[in-house]
Amino acid sequence: MKMLAESPWEWQLFAEGDRFIVSVICGSVALYTRYVVLSQQQKDAYLGASEPCAAELIIQEFAHRVRQHGERDNAGVALSAAEQDAMQLAIQEWRENALSS
């Protein structure tokens with residue numbers, strides 16, 4: 001699993017094989033995370049964006065819809081313990097690379 005992008009305290013985007021998983025932080029008083037797999041159309045829109053900031057805006061808007069409406073078109077997914085561990089390692093690697101840049 002690899003972390004592709006993030007907006008701290010809002011969302012993180014991961015790639016695992018062909019799947020793109022968005023981890024969205026939801027709630028206000030009690031925070032929780034919802035994991036959603038992008039549809040092929042959403043993934044194509046992200047990959048086809050002309051600039052990195054446009055790609056991140058696509059995920060930003062998607063995360064907003066998940067927080068506000070549950071993004072009815074995409075079912076939340078339950079991640080296995082191994083997937084959660086892989087996500088944590090991907091986050092750690094992302095942050096280490098950011099610090100060394």
# chains A, B, ... in the order shown; residues from 1 in each chain; ligands from 1
>>> residues_around(residues="A:Ala86", least_positions_apart="6", cutoff="12 Å", atoms="only C-alpha atoms", output="PyMOL selection string")
chain A and resi 1-3+14-16+79-80+92-93
>>> write_last_selection(atoms="C-alpha atoms", output="PDB file, in the first residue's frame")
ATOM      1  CA  MET A   1       0.000   0.000   0.000  1.00  0.00           C
ATOM      2  CA  LYS A   2       1.221   3.488  -0.822  1.00  0.00           C
ATOM      3  CA  MET A   3      -0.010   6.877   0.351  1.00  0.00           C
ATOM      4  CA  PHE A  14      -3.930   5.373  -0.649  1.00  0.00           C
ATOM      5  CA  ALA A  15      -3.295   3.033  -3.572  1.00  0.00           C
ATOM      6  CA  GLU A  16      -3.283  -0.717  -3.141  1.00  0.00           C
ATOM      7  CA  LEU A  79     -10.264  -2.828   6.329  1.00  0.00           C
ATOM      8  CA  SER A  80      -8.536  -5.915   7.651  1.00  0.00           C
ATOM      9  CA  GLN A  92       5.027   6.717   8.167  1.00  0.00           C
ATOM     10  CA  GLU A  93       6.916   6.420   4.866  1.00  0.00           C
TER      11      GLU A  93
END
>>> residues_around(residues="A:Gln68", least_positions_apart="4", cutoff="10 Å", atoms="only C-alpha atoms", output="PyMOL selection string")
chain A and resi 26-27+62-64
>>> closest_residue(among="A:Gln42, A:Leu31, A:Gln60, A:Ser50", to="A:Trp11", atoms="only C-alpha atoms")
A:Gln60
>>> closest_residue(among="A:Ile59, A:Pro8, A:Ala98, A:Glu83", to="A:Leu47", atoms="only C-alpha atoms")
A:Ile59
>>> select_by_dssp(residues="stretch 19-93 of chain A", states="alpha helix (DSSP H)", output="number ranges by chain")
A: 40-47, 52-69, 81-93
